[in-house]
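Participant: Okay, so here is query_9.cif, and as you'll see once you scroll down, it has mmCIF, C-alpha atoms and all ligand atoms.
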```
data_model
#
loop_
_atom_site.label_atom_id
_atom_site.label_comp_id
_atom_site.auth_asym_id
_atom_site.auth_seq_id
_atom_site.Cartn_x
_atom_site.Cartn_y
_atom_site.Cartn_z
CA MET J 470 148.67 -238.55 99.12
CA GLY J 471 151.00 -237.95 102.08
CA SER J 472 153.00 -235.45 100.08
CA THR J 473 150.01 -233.41 98.92
CA VAL J 474 149.42 -230.21 100.86
CA LEU J 475 146.61 -228.64 98.86
CA GLU J 476 144.27 -229.94 96.23
CA ALA J 477 141.60 -227.92 94.45
CA HIS J 478 139.10 -229.46 92.06
CA GLY J 479 136.78 -227.40 89.92
CA LEU J 480 137.12 -224.49 92.33
CA THR J 481 134.88 -221.69 91.12
CA LYS J 482 134.08 -218.30 92.59
CA ILE J 483 131.33 -216.18 91.16
CA PHE J 484 131.06 -212.47 91.93
CA ARG J 485 127.98 -210.71 90.59
CA HIS J 486 127.24 -213.49 88.06
CA THR J 487 130.84 -213.41 86.75
CA PRO J 488 133.25 -216.28 87.44
CA VAL J 489 136.52 -214.82 88.79
CA LEU J 490 137.78 -218.34 89.45
CA ASP J 491 136.66 -220.77 86.81
CA HIS J 492 136.99 -224.50 87.58
CA VAL J 493 140.48 -224.28 89.03
CA ASP J 494 142.26 -227.61 89.45
CA LEU J 495 145.48 -227.28 91.38
CA THR J 496 147.78 -229.47 93.44
CA VAL J 497 150.48 -228.24 95.79
CA GLU J 498 153.08 -230.80 96.80
CA LYS J 499 155.02 -230.69 100.03
CA GLY J 500 158.43 -229.00 100.09
CA LYS J 501 158.16 -227.02 96.86
CA ILE J 502 157.95 -223.30 96.13
CA TYR J 503 155.11 -222.47 93.74
CA GLY J 504 155.02 -219.22 91.82
CA PHE J 505 151.38 -218.28 91.23
CA ILE J 506 151.56 -215.88 88.30
CA GLY J 507 148.80 -213.80 86.77
CA GLN J 508 148.06 -210.26 85.68
CA ASN J 509 146.05 -207.89 87.88
CA GLY J 510 142.55 -209.23 88.32
CA ALA J 511 143.48 -212.78 87.22
CA GLY J 512 142.06 -214.29 90.41
CA LYS J 513 145.20 -214.92 92.48
CA THR J 514 144.02 -213.14 95.63
CA THR J 515 140.59 -214.74 95.38
CA PHE J 516 142.16 -218.21 95.27
CA LEU J 517 144.52 -217.46 98.16
CA ARG J 518 141.67 -215.99 100.25
CA ILE J 519 139.62 -219.15 99.77
CA THR J 520 142.63 -221.28 100.73
CA ALA J 521 143.13 -219.19 103.86
CA GLY J 522 139.45 -219.45 104.82
CA LEU J 523 138.79 -215.72 104.31
CA SER J 524 136.29 -216.42 101.54
CA PHE J 525 134.32 -219.38 100.24
CA ALA J 526 134.14 -221.02 96.84
CA SER J 527 130.85 -220.96 94.96
CA LYS J 528 131.54 -224.45 93.58
CA GLY J 529 134.22 -227.13 93.65
CA THR J 530 136.29 -228.68 96.39
CA LEU J 531 139.36 -227.70 98.34
CA SER J 532 141.35 -230.03 100.53
CA LEU J 533 144.29 -229.34 102.81
CA TRP J 534 146.44 -232.32 103.79
CA GLY J 535 143.69 -234.56 102.45
CA ARG J 536 140.87 -233.06 104.54
CA GLN J 537 137.96 -231.23 103.01
CA SER J 538 135.07 -230.76 105.41
CA ARG J 539 134.63 -227.18 106.59
CA ALA J 540 135.60 -228.07 110.18
CA ASP J 541 138.62 -230.11 109.10
CA LEU J 542 139.80 -227.32 106.82
CA GLN J 543 139.71 -224.84 109.71
CA GLU J 544 141.76 -227.26 111.80
CA GLN J 545 144.30 -227.84 109.01
CA ARG J 546 144.67 -224.09 108.49
CA LYS J 547 146.47 -223.92 111.83
CA ARG J 548 149.37 -225.50 109.93
CA MET J 549 149.41 -222.59 107.48
CA GLY J 550 150.84 -219.08 107.57
CA CYS J 551 149.32 -216.40 105.36
CA MET J 552 150.06 -212.90 104.21
CA ILE J 553 147.29 -211.83 101.88
CA GLU J 554 147.23 -208.31 100.45
CA THR J 555 149.04 -205.60 102.47
CA PRO J 556 149.82 -206.73 106.01
CA ALA J 557 147.59 -204.97 108.57
CA LEU J 558 150.07 -203.26 110.88
CA TYR J 559 149.71 -200.70 113.68
CA PRO J 560 152.00 -197.83 112.62
CA ASN J 561 152.61 -196.49 116.13
CA LEU J 562 153.61 -199.86 117.56
CA THR J 563 157.06 -201.36 117.12
CA ALA J 564 157.68 -204.49 115.05
CA PHE J 565 157.91 -206.49 118.25
CA GLN J 566 154.63 -205.06 119.60
CA ASN J 567 152.86 -205.68 116.30
CA MET J 568 153.94 -209.30 116.45
CA GLU J 569 152.85 -209.59 120.07
CA VAL J 570 149.35 -208.29 119.20
CA GLN J 571 149.09 -210.90 116.44
CA ARG J 572 150.48 -213.68 118.61
CA LEU J 573 147.94 -213.01 121.36
CA SER J 574 145.00 -212.61 118.99
CA ARG J 575 145.81 -215.95 117.36
CA GLY J 576 146.41 -217.68 120.70
CA ILE J 577 149.96 -218.75 119.84
CA PRO J 578 151.83 -219.78 122.99
CA GLY J 579 155.39 -218.66 123.90
CA LYS J 580 156.63 -215.10 123.53
CA SER J 581 160.12 -216.29 122.50
CA ILE J 582 158.77 -217.17 119.04
CA ILE J 583 158.66 -213.43 118.26
CA ALA J 584 162.42 -212.99 118.49
CA ASP J 585 162.90 -216.13 116.37
CA CYS J 586 160.56 -214.82 113.66
CA LEU J 587 162.11 -211.33 113.69
CA ARG J 588 165.53 -212.93 113.26
CA LEU J 589 164.28 -215.08 110.39
CA VAL J 590 163.03 -212.05 108.47
CA GLY J 591 166.11 -209.98 109.33
CA LEU J 592 164.36 -207.42 111.52
CA GLU J 593 165.98 -208.22 114.87
CA ASP J 594 167.90 -204.92 114.93
CA THR J 595 164.89 -202.77 114.08
CA ALA J 596 162.34 -204.52 116.31
CA LYS J 597 162.13 -201.49 118.61
CA LYS J 598 161.37 -198.92 115.91
CA PRO J 599 157.77 -197.83 115.31
CA VAL J 600 156.48 -199.43 112.13
CA ARG J 601 155.53 -196.01 110.67
CA ASN J 602 159.27 -195.51 110.01
CA PHE J 603 159.60 -198.80 108.14
CA SER J 604 160.26 -199.01 104.41
CA LEU J 605 157.84 -201.01 102.24
CA GLY J 606 160.35 -203.89 102.16
CA MET J 607 160.59 -203.92 105.97
CA ARG J 608 156.78 -203.93 106.25
CA GLN J 609 156.57 -206.85 103.86
CA ARG J 610 159.19 -208.72 105.86
CA LEU J 611 157.32 -207.98 109.06
CA GLY J 612 154.13 -209.27 107.42
CA ILE J 613 155.95 -212.49 106.54
CA GLY J 614 157.33 -212.64 110.11
CA ILE J 615 153.75 -212.45 111.42
CA ALA J 616 152.73 -215.25 109.06
CA LEU J 617 155.56 -217.35 110.49
CA LEU J 618 154.46 -216.98 114.13
CA ASN J 619 152.78 -220.38 114.22
CA THR J 620 155.81 -222.09 112.58
CA PRO J 621 153.71 -223.05 109.54
CA GLU J 622 154.38 -225.99 107.25
CA PHE J 623 152.69 -224.18 104.38
CA LEU J 624 153.14 -220.48 103.72
CA ILE J 625 150.97 -218.49 101.33
CA LEU J 626 152.03 -215.00 100.33
CA ASP J 627 150.11 -212.64 98.08
CA GLU J 628 152.39 -210.39 96.03
CA PRO J 629 155.08 -209.96 98.73
CA ILE J 630 157.43 -208.48 96.13
CA ASN J 631 155.02 -205.94 94.66
CA GLY J 632 156.45 -202.41 94.73
CA LEU J 633 159.81 -203.35 96.24
CA ASP J 634 163.11 -201.97 95.00
CA PRO J 635 165.68 -204.44 93.59
CA ALA J 636 167.41 -204.87 96.98
CA GLY J 637 164.04 -205.56 98.65
CA ILE J 638 163.22 -208.12 95.97
CA VAL J 639 166.50 -209.94 96.55
CA GLU J 640 165.85 -210.02 100.33
CA ILE J 641 162.39 -211.56 99.97
CA ARG J 642 163.58 -214.08 97.40
CA SER J 643 166.43 -215.27 99.58
CA LEU J 644 164.15 -215.40 102.62
CA LEU J 645 161.73 -217.68 100.75
CA ARG J 646 164.56 -219.94 99.58
CA HIS J 647 165.91 -220.08 103.14
CA LEU J 648 162.52 -221.02 104.63
CA ASN J 649 162.08 -223.71 102.01
CA LYS J 650 165.59 -225.14 102.29
CA GLU J 651 166.11 -224.97 106.05
CA TYR J 652 162.60 -225.80 107.24
CA GLY J 653 161.22 -227.71 104.26
CA MET J 654 158.40 -225.16 104.13
CA THR J 655 155.97 -225.43 101.23
CA ILE J 656 155.35 -221.99 99.76
CA LEU J 657 152.69 -220.66 97.40
CA VAL J 658 153.60 -217.11 96.41
CA SER J 659 151.78 -214.90 93.93
CA SER J 660 153.13 -212.26 91.61
CA HIS J 661 152.03 -210.51 88.45
CA ILE J 662 155.57 -210.69 87.07
CA LEU J 663 157.01 -214.09 86.18
CA GLU J 664 160.57 -212.76 86.29
CA GLU J 665 160.20 -211.82 89.98
CA LEU J 666 159.89 -215.42 91.06
CA TYR J 667 162.34 -216.88 88.58
CA GLN J 668 165.15 -218.69 90.43
CA THR J 669 162.98 -218.76 93.57
CA ALA J 670 160.04 -220.98 92.62
CA SER J 671 160.53 -224.54 91.42
CA GLN J 672 157.02 -224.75 89.97
CA PHE J 673 155.02 -222.13 88.11
CA ILE J 674 151.24 -221.91 87.85
CA LEU J 675 149.96 -219.37 85.33
CA ILE J 676 146.45 -218.05 85.88
CA HIS J 677 144.49 -215.83 83.52
CA LYS J 678 140.89 -214.65 83.85
CA GLY J 679 140.25 -217.14 86.61
CA ARG J 680 141.58 -220.14 84.71
CA ILE J 681 144.82 -222.04 85.13
CA ILE J 682 146.42 -221.76 81.72
CA GLU J 683 149.67 -223.60 82.42
CA GLU J 684 151.69 -225.38 85.07
CA LEU J 685 155.36 -226.00 84.50
CA SER J 686 158.56 -226.66 86.42
CA ASP J 687 161.55 -224.32 86.46
CA SER J 688 163.46 -226.58 84.10
CA GLN J 689 160.52 -226.70 81.67
CA LEU J 690 160.37 -222.91 81.82
CA ASN J 691 164.10 -222.67 81.16
CA GLU J 692 163.74 -225.00 78.23
CA GLN J 693 160.88 -222.93 76.82
CA CYS J 694 162.77 -219.66 77.16
CA LYS J 695 166.26 -220.79 76.20
CA ARG J 696 167.53 -219.11 73.03
CA HIS J 697 168.04 -221.61 70.24
CA ILE J 698 167.92 -222.17 66.52
CA ALA J 699 164.75 -224.09 65.65
CA ILE J 700 165.30 -226.32 62.65
CA LYS J 701 162.61 -228.15 60.74
CA THR J 702 163.66 -230.76 58.19
CA THR J 703 162.13 -233.70 56.40
CA ASN J 704 164.69 -235.99 58.07
CA PRO J 705 165.37 -234.89 61.67
CA GLN J 706 167.46 -237.96 62.63
CA SER J 707 169.97 -237.41 59.80
CA ALA J 708 170.01 -233.67 60.49
CA LEU J 709 170.77 -234.35 64.14
CA LEU J 710 173.69 -236.62 63.28
CA ALA J 711 175.06 -234.20 60.68
CA LEU J 712 174.96 -231.23 63.07
CA GLU J 713 176.53 -233.22 65.89
CA LYS J 714 179.37 -234.31 63.64
CA LYS J 715 180.03 -231.06 61.81
CA LEU J 716 179.59 -228.65 64.71
CA HIS J 717 181.22 -230.98 67.28
CA THR J 718 178.41 -230.24 69.70
CA GLU J 719 175.97 -232.04 71.94
CA GLN J 720 173.93 -228.88 72.52
CA LEU J 721 171.07 -230.24 70.46
CA ARG J 722 167.67 -231.64 71.18
CA LEU J 723 164.99 -233.31 69.13
CA MET J 724 161.59 -232.07 70.29
CA PRO J 725 158.45 -234.25 70.24
CA ASP J 726 157.09 -232.33 67.21
CA GLY J 727 160.22 -233.23 65.19
CA THR J 728 161.83 -229.79 65.44
CA ILE J 729 165.53 -229.74 66.30
CA ARG J 730 166.72 -227.18 68.80
CA LEU J 731 170.34 -226.14 68.55
CA TYR J 732 171.59 -224.15 71.54
CA GLU J 733 174.91 -223.13 69.94
CA SER J 734 176.01 -221.16 66.89
CA LEU J 735 173.21 -218.68 67.57
CA ASP J 736 174.99 -215.90 65.72
CA ASP J 737 175.80 -218.12 62.75
CA VAL J 738 172.50 -219.33 61.41
CA GLU J 739 173.77 -219.21 57.82
CA THR J 740 176.60 -221.67 58.56
CA VAL J 741 174.10 -224.06 60.11
CA ALA J 742 171.90 -223.83 57.02
CA ARG J 743 174.91 -224.40 54.75
CA LEU J 744 176.13 -227.44 56.74
CA LEU J 745 172.72 -229.05 56.50
CA SER J 746 172.43 -228.38 52.82
CA GLU J 747 175.95 -229.82 52.20
CA SER J 748 174.79 -232.98 54.01
CA GLY J 749 171.91 -233.31 51.55
CA ILE J 750 169.24 -232.44 54.12
CA LEU J 751 166.15 -230.56 53.04
CA VAL J 752 165.52 -227.75 55.51
CA THR J 753 161.90 -226.58 55.66
CA GLY J 754 162.32 -224.03 58.44
CA LEU J 755 165.18 -222.42 60.32
CA ASN J 756 164.91 -219.51 62.71
CA LEU J 757 166.18 -218.08 65.98
CA SER J 758 163.72 -218.68 68.81
CA GLY J 759 163.37 -218.34 72.56
CA ASP J 760 161.43 -215.88 74.67
CA THR J 761 162.29 -213.65 77.56
CA LEU J 762 160.28 -214.73 80.61
CA GLU J 763 157.82 -211.88 80.17
CA ASP J 764 157.44 -212.58 76.44
CA TYR J 765 156.71 -216.18 77.29
CA PHE J 766 154.08 -215.20 79.85
CA LEU J 767 152.44 -212.67 77.56
CA ARG J 768 152.41 -215.18 74.70
CA LYS J 769 150.63 -217.72 76.95
CA VAL J 770 148.18 -215.11 78.21
CA GLY J 771 147.53 -213.89 74.67
CA LYS J 772 146.93 -217.45 73.48
CA ALA J 773 144.55 -218.15 76.37
CA SER J 774 142.61 -214.94 75.64
CA HIS J 775 142.37 -215.87 71.98
CA GLU J 776 141.18 -219.41 72.80
CA SER J 777 138.51 -218.15 75.18
CA THR J 778 137.31 -215.68 72.54
CA VAL J 779 137.13 -218.44 69.93
CA GLN J 780 135.16 -220.69 72.31
CA VAL J 781 132.51 -218.04 72.99
N1 LIG W 801 134.53 -208.82 96.73
C1 LIG W 801 134.49 -208.76 95.39
N2 LIG W 801 133.37 -208.39 94.75
C2 LIG W 801 133.31 -208.33 93.40
N3 LIG W 801 134.37 -208.61 92.59
C3 LIG W 801 135.52 -208.97 93.18
C4 LIG W 801 135.65 -209.05 94.61
N4 LIG W 801 136.92 -209.45 94.89
C5 LIG W 801 137.55 -209.60 93.70
N5 LIG W 801 136.72 -209.31 92.69
C6 LIG W 801 137.05 -209.37 91.25
O1 LIG W 801 137.60 -210.64 91.00
C7 LIG W 801 138.62 -210.55 90.00
C8 LIG W 801 139.86 -211.23 90.51
O2 LIG W 801 140.40 -210.43 91.55
P1 LIG W 801 141.69 -210.87 92.38
O3 LIG W 801 141.93 -209.80 93.40
O4 LIG W 801 141.51 -212.25 92.85
O5 LIG W 801 142.80 -210.83 91.27
P2 LIG W 801 144.37 -210.82 91.44
O6 LIG W 801 144.89 -211.79 90.44
O7 LIG W 801 144.74 -211.05 92.85
O8 LIG W 801 144.75 -209.39 90.97
P3 LIG W 801 145.42 -208.18 91.79
O9 LIG W 801 146.87 -208.39 91.65
O10 LIG W 801 144.91 -206.99 91.03
O11 LIG W 801 144.88 -208.27 93.19
C9 LIG W 801 138.77 -209.08 89.68
O12 LIG W 801 138.08 -208.81 88.49
C10 LIG W 801 138.14 -208.39 90.84
O13 LIG W 801 137.59 -207.16 90.45
#
```
Would you give me this structure, written as structure tokens?
Facilitator:
Amino acid sequence: MGSTVLEAHGLTKIFRHTPVLDHVDLTVEKGKIYGFIGQNGAGKTTFLRITAGLSFASKGTLSLWGRQSRADLQEQRKRMGCMIETPALYPNLTAFQNMEVQRLSRGIPGKSIIADCLRLVGLEDTAKKPVRNFSLGMRQRLGIGIALLNTPEFLILDEPINGLDPAGIVEIRSLLRHLNKEYGMTILVSSHILEELYQTASQFILIHKGRIIEELSDSQLNEQCKRHIAIKTTNPQSALLALEKKLHTEQLRLMPDGTIRLYESLDDVETVARLLSESGILVTGLNLSGDTLEDYFLRKVGKASHESTVQV
């Protein structure tokens, strides 16, 4: 329990008789970076707004650090930093002044925190420029800097990478990794592109039409997307031994459904088929598999759409 930051059970939000969050069950553990991935309109912002106390659920429960009454949640939210949708900035004020306005309005003591936050997000040299001259990436970083003003333990960011150029994407990714590694900050960050958070998040939550369709770790995602030859035989154990011996490889895995995955010899499928046949093994299926990250996501989303259509 001590390591759980957020827990949602059956969280549902209904707008005009339509559920935009549909019985969401979700757990966020301390010290991890969660990528919250879903297409436009999937319900990401709605979930983050409820977490931040900017909106309320129609049904279900939310707890933060094990507390769930409305008053307790408000108290616990002081331990959170949030950037939801585009950060509200005053264009004619400098970065420093924008942060000062936010610091005062949130009653955060100590002006020195501003310089610390500007340094963290790499804006210390531009703190005196009016924000109207800032690039989108600089605005996003300033928004994150504002979210960091209360030195949060848990940071939630809604699409901080959206619309950034590749250099801007790299900056935000490395900032998130830094905050997580150096300060042990738990981060929940949304995106509509799985690839954007790859190598940044350690956990991925896929949401589609208000429902969580999958949760998986980075290594599970890698495993799913790694290119391999998928081999189906009537005798997987013998096939495994034969391949190991003849190909002199350990890059093999027997999956729970009995399929063998071979991560080598990808451009030589015919040789693999021949070796198995020479060993007297009956091959019932053999093909190259493995998705790109986006293919994987779209396949999951497509499957979820199909399943919800079938259920109706
Ligand atoms: N205040 C509201 N009134 C009615 N419908 C709303 C409201 N806010 C959100 N919605 C609807 O809820 C659904 C989920 O929206 P949400 O903004 O949470 O999705 P999202 O995953 O964050 O997508 P995006 O990246 O487009 O913001 C959408 O269909 C949206 O139109």
Participant: Go through J:Phe525, J:Phe766, J:Phe516, J:Phe565 one by one, measure the shortest atom-to-atom distance of each to Glu683 of chain J using all atoms listed in the file, and give the residue with the smallest value.
Facilitator: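 Checking each of J:Phe525, J:Phe766, J:Phe516, J:Phe565 against Glu683 of chain J, counting all atoms listed in the file, the winner is J:Phe766.
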Participant: Hey, which bits of chain J sit within 8 Å of ligand LIG 801 (chain W), and for each residue what's the closest pair of atoms and how far apart in Å (one decimal), counting all atoms listed in the file, rows by chain and increasing number, as JSON lines?
Facilitator:
```
{"residue": "J:Phe484", "atom": "CA", "partner": "W:LIG801", "partner_atom": "C2", "distance": 4.9}
{"residue": "J:Arg485", "atom": "CA", "partner": "W:LIG801", "partner_atom": "C2", "distance": 6.5}
{"residue": "J:Pro488", "atom": "CA", "partner": "W:LIG801", "partner_atom": "O1", "distance": 8.0}
{"residue": "J:Val489", "atom": "CA", "partner": "W:LIG801", "partner_atom": "O1", "distance": 4.9}
{"residue": "J:Leu490", "atom": "CA", "partner": "W:LIG801", "partner_atom": "C8", "distance": 7.5}
{"residue": "J:Gly507", "atom": "CA", "partner": "W:LIG801", "partner_atom": "O6", "distance": 5.7}
{"residue": "J:Gln508", "atom": "CA", "partner": "W:LIG801", "partner_atom": "O6", "distance": 5.9}
{"residue": "J:Asn509", "atom": "CA", "partner": "W:LIG801", "partner_atom": "O10", "distance": 3.5}
{"residue": "J:Gly510", "atom": "CA", "partner": "W:LIG801", "partner_atom": "O5", "distance": 3.4}
{"residue": "J:Ala511", "atom": "CA", "partner": "W:LIG801", "partner_atom": "O6", "distance": 3.7}
{"residue": "J:Gly512", "atom": "CA", "partner": "W:LIG801", "partner_atom": "O4", "distance": 3.2}
{"residue": "J:Lys513", "atom": "CA", "partner": "W:LIG801", "partner_atom": "O6", "distance": 3.7}
{"residue": "J:Thr514", "atom": "CA", "partner": "W:LIG801", "partner_atom": "O7", "distance": 3.6}
{"residue": "J:Thr515", "atom": "CA", "partner": "W:LIG801", "partner_atom": "O4", "distance": 3.7}
{"residue": "J:Phe516", "atom": "CA", "partner": "W:LIG801", "partner_atom": "O4", "distance": 6.5}
{"residue": "J:Glu554", "atom": "CA", "partner": "W:LIG801", "partner_atom": "O11", "distance": 7.6}
{"residue": "J:Asp627", "atom": "CA", "partner": "W:LIG801", "partner_atom": "O7", "distance": 7.7}
{"residue": "J:Glu628", "atom": "CA", "partner": "W:LIG801", "partner_atom": "O9", "distance": 7.3}
{"residue": "J:Ser660", "atom": "CA", "partner": "W:LIG801", "partner_atom": "O9", "distance": 7.4}
{"residue": "J:His661", "atom": "CA", "partner": "W:LIG801", "partner_atom": "O9", "distance": 6.4}
{"residue": "J:Ile676", "atom": "CA", "partner": "W:LIG801", "partner_atom": "O6", "distance": 7.9}
{"residue": "J:Lys678", "atom": "CA", "partner": "W:LIG801", "partner_atom": "C8", "distance": 7.6}
{"residue": "J:Gly679", "atom": "CA", "partner": "W:LIG801", "partner_atom": "C8", "distance": 7.1}
```
Participant: Okay, now the selection with C-alpha atoms, as a compact mmCIF listing (two decimals), in the frame of the given file?
Facilitator:
```
# COMPACT_ATOMS: atom_id res chain seq x y z
CA PHE J 484 131.06 -212.47 91.93
CA ARG J 485 127.98 -210.71 90.59
CA PRO J 488 133.25 -216.28 87.44
CA VAL J 489 136.52 -214.82 88.79
CA LEU J 490 137.78 -218.34 89.45
CA GLY J 507 148.80 -213.80 86.77
CA GLN J 508 148.06 -210.26 85.68
CA ASN J 509 146.05 -207.89 87.88
CA GLY J 510 142.55 -209.23 88.32
CA ALA J 511 143.48 -212.78 87.22
CA GLY J 512 142.06 -214.29 90.41
CA LYS J 513 145.20 -214.92 92.48
CA THR J 514 144.02 -213.14 95.63
CA THR J 515 140.59 -214.74 95.38
CA PHE J 516 142.16 -218.21 95.27
CA GLU J 554 147.23 -208.31 100.45
CA ASP J 627 150.11 -212.64 98.08
CA GLU J 628 152.39 -210.39 96.03
CA SER J 660 153.13 -212.26 91.61
CA HIS J 661 152.03 -210.51 88.45
CA ILE J 676 146.45 -218.05 85.88
CA LYS J 678 140.89 -214.65 83.85
CA GLY J 679 140.25 -217.14 86.61
```
Participant: How many Å separate atom CA of Asn567 of chain J from atom CA of Glu665 of chain J?
Facilitator: 28.0 Å
Participant: In Å, how far is it from atom CA of Leu644 of chain J to atom CA of Val590 of chain J?
Facilitator: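 Between these atoms lies a distance of 6.8 Å.
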Participant: I'd like to know which of J:Gln566, J:Lys769, J:Glu476, J:Leu618 is closest to Arg588 of chain J, using only C-alpha atoms.
Facilitator: J:Leu618
Participant: Nearest to Arg743 of chain J among J:Ala711, J:Met724, J:Leu685, J:Ala773, with distances taken over all atoms listed in the file: which residue is it?
Facilitator: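 Distance minimum relative to Arg743 of chain J lands on J:Ala711.
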Participant: Using all atoms listed in the file, which of J:Leu589, J:Val752, J:Leu531, J:Ile630 sits nearest Pro705 of chain J?
Facilitator: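 Smallest separation from Pro705 of chain J among the options: J:Val752.
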Participant: Restricting the calculation to all atoms listed in the file: of J:Thr555, J:Thr563, J:Ser686, J:Asn619, which residue gets closest to Ile582 of chain J?
Facilitator: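 Closest to Ile582 of chain J, using all atoms listed in the file: J:Asn619.
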Participant: Separation of atom CA of Gly759 of chain J and atom CA of Ile682 of chain J, in Å?
Facilitator: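 Going from atom CA of Gly759 of chain J over to atom CA of Ile682 of chain J, I get 19.6 Å.
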Participant: Up to 12 Å from (175.5, -232.7, 72.9) in the file's coordinates: name the residues, counting all atoms listed in the file, as a list in words.
Facilitator: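 Using all atoms listed in the file, the matching residues come out as Leu709, Leu710, Leu712, Glu713, Lys714, Leu716, His717, Thr718, Glu719, Gln720, Leu721, Arg722, Leu723, Arg730, Leu731, Tyr732 and Glu733 of chain J.
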Participant: I want to know what sits within 6 Å of segment 538-552 of chain J, based on all atoms listed in the file, with residues of the same chain fewer than 4 positions away left out; could you give that as a PyMOL selection string?
Facilitator: chain J and resi 616-617+621-626
Participant: Which is closer to Leu475 of chain J than all the others in J:Ile674, J:Leu605, J:Leu558, J:Leu657, using only C-alpha atoms?
Facilitator: J:Leu657
Participant: Using the atoms already present, construct N, CA and C atoms for segment 602-617 of chain J and hand them back as a PDB file, in the frame of the given file.
Facilitator:
```pdb
ATOM      1  N   ASN J 602     157.981-195.864 110.630  1.00  0.00           N
ATOM      2  CA  ASN J 602     159.270-195.510 110.010  1.00  0.00           C
ATOM      3  C   ASN J 602     159.834-196.608 109.121  1.00  0.00           C
ATOM      4  N   PHE J 603     159.098-197.669 108.932  1.00  0.00           N
ATOM      5  CA  PHE J 603     159.600-198.800 108.140  1.00  0.00           C
ATOM      6  C   PHE J 603     159.438-198.546 106.637  1.00  0.00           C
ATOM      7  N   SER J 604     160.405-199.040 105.876  1.00  0.00           N
ATOM      8  CA  SER J 604     160.260-199.010 104.410  1.00  0.00           C
ATOM      9  C   SER J 604     159.234-200.075 104.009  1.00  0.00           C
ATOM     10  N   LEU J 605     158.818-200.021 102.723  1.00  0.00           N
ATOM     11  CA  LEU J 605     157.840-201.010 102.240  1.00  0.00           C
ATOM     12  C   LEU J 605     158.406-202.434 102.390  1.00  0.00           C
ATOM     13  N   GLY J 606     159.709-202.566 102.068  1.00  0.00           N
ATOM     14  CA  GLY J 606     160.350-203.890 102.160  1.00  0.00           C
ATOM     15  C   GLY J 606     160.336-204.417 103.589  1.00  0.00           C
ATOM     16  N   MET J 607     160.595-203.497 104.554  1.00  0.00           N
ATOM     17  CA  MET J 607     160.590-203.920 105.970  1.00  0.00           C
ATOM     18  C   MET J 607     159.177-204.317 106.396  1.00  0.00           C
ATOM     19  N   ARG J 608     158.184-203.574 105.906  1.00  0.00           N
ATOM     20  CA  ARG J 608     156.780-203.930 106.250  1.00  0.00           C
ATOM     21  C   ARG J 608     156.425-205.312 105.694  1.00  0.00           C
ATOM     22  N   GLN J 609     156.871-205.548 104.463  1.00  0.00           N
ATOM     23  CA  GLN J 609     156.570-206.850 103.860  1.00  0.00           C
ATOM     24  C   GLN J 609     157.236-207.957 104.664  1.00  0.00           C
ATOM     25  N   ARG J 610     158.487-207.701 105.078  1.00  0.00           N
ATOM     26  CA  ARG J 610     159.190-208.720 105.860  1.00  0.00           C
ATOM     27  C   ARG J 610     158.520-208.931 107.208  1.00  0.00           C
ATOM     28  N   LEU J 611     158.036-207.842 107.796  1.00  0.00           N
ATOM     29  CA  LEU J 611     157.320-207.980 109.060  1.00  0.00           C
ATOM     30  C   LEU J 611     156.035-208.787 108.855  1.00  0.00           C
ATOM     31  N   GLY J 612     155.353-208.506 107.745  1.00  0.00           N
ATOM     32  CA  GLY J 612     154.130-209.270 107.420  1.00  0.00           C
ATOM     33  C   GLY J 612     154.447-210.763 107.306  1.00  0.00           C
ATOM     34  N   ILE J 613     155.568-211.078 106.673  1.00  0.00           N
ATOM     35  CA  ILE J 613     155.950-212.490 106.540  1.00  0.00           C
ATOM     36  C   ILE J 613     156.297-213.049 107.937  1.00  0.00           C
ATOM     37  N   GLY J 614     156.996-212.228 108.736  1.00  0.00           N
ATOM     38  CA  GLY J 614     157.330-212.640 110.110  1.00  0.00           C
ATOM     39  C   GLY J 614     156.071-212.997 110.899  1.00  0.00           C
ATOM     40  N   ILE J 615     155.025-212.193 110.726  1.00  0.00           N
ATOM     41  CA  ILE J 615     153.750-212.450 111.420  1.00  0.00           C
ATOM     42  C   ILE J 615     153.148-213.778 110.927  1.00  0.00           C
ATOM     43  N   ALA J 616     153.264-213.996 109.618  1.00  0.00           N
ATOM     44  CA  ALA J 616     152.730-215.250 109.060  1.00  0.00           C
ATOM     45  C   ALA J 616     153.502-216.472 109.567  1.00  0.00           C
ATOM     46  N   LEU J 617     154.731-216.228 110.035  1.00  0.00           N
ATOM     47  CA  LEU J 617     155.560-217.350 110.490  1.00  0.00           C
ATOM     48  C   LEU J 617     155.375-217.672 111.982  1.00  0.00           C
TER      49      LEU J 617
END
```
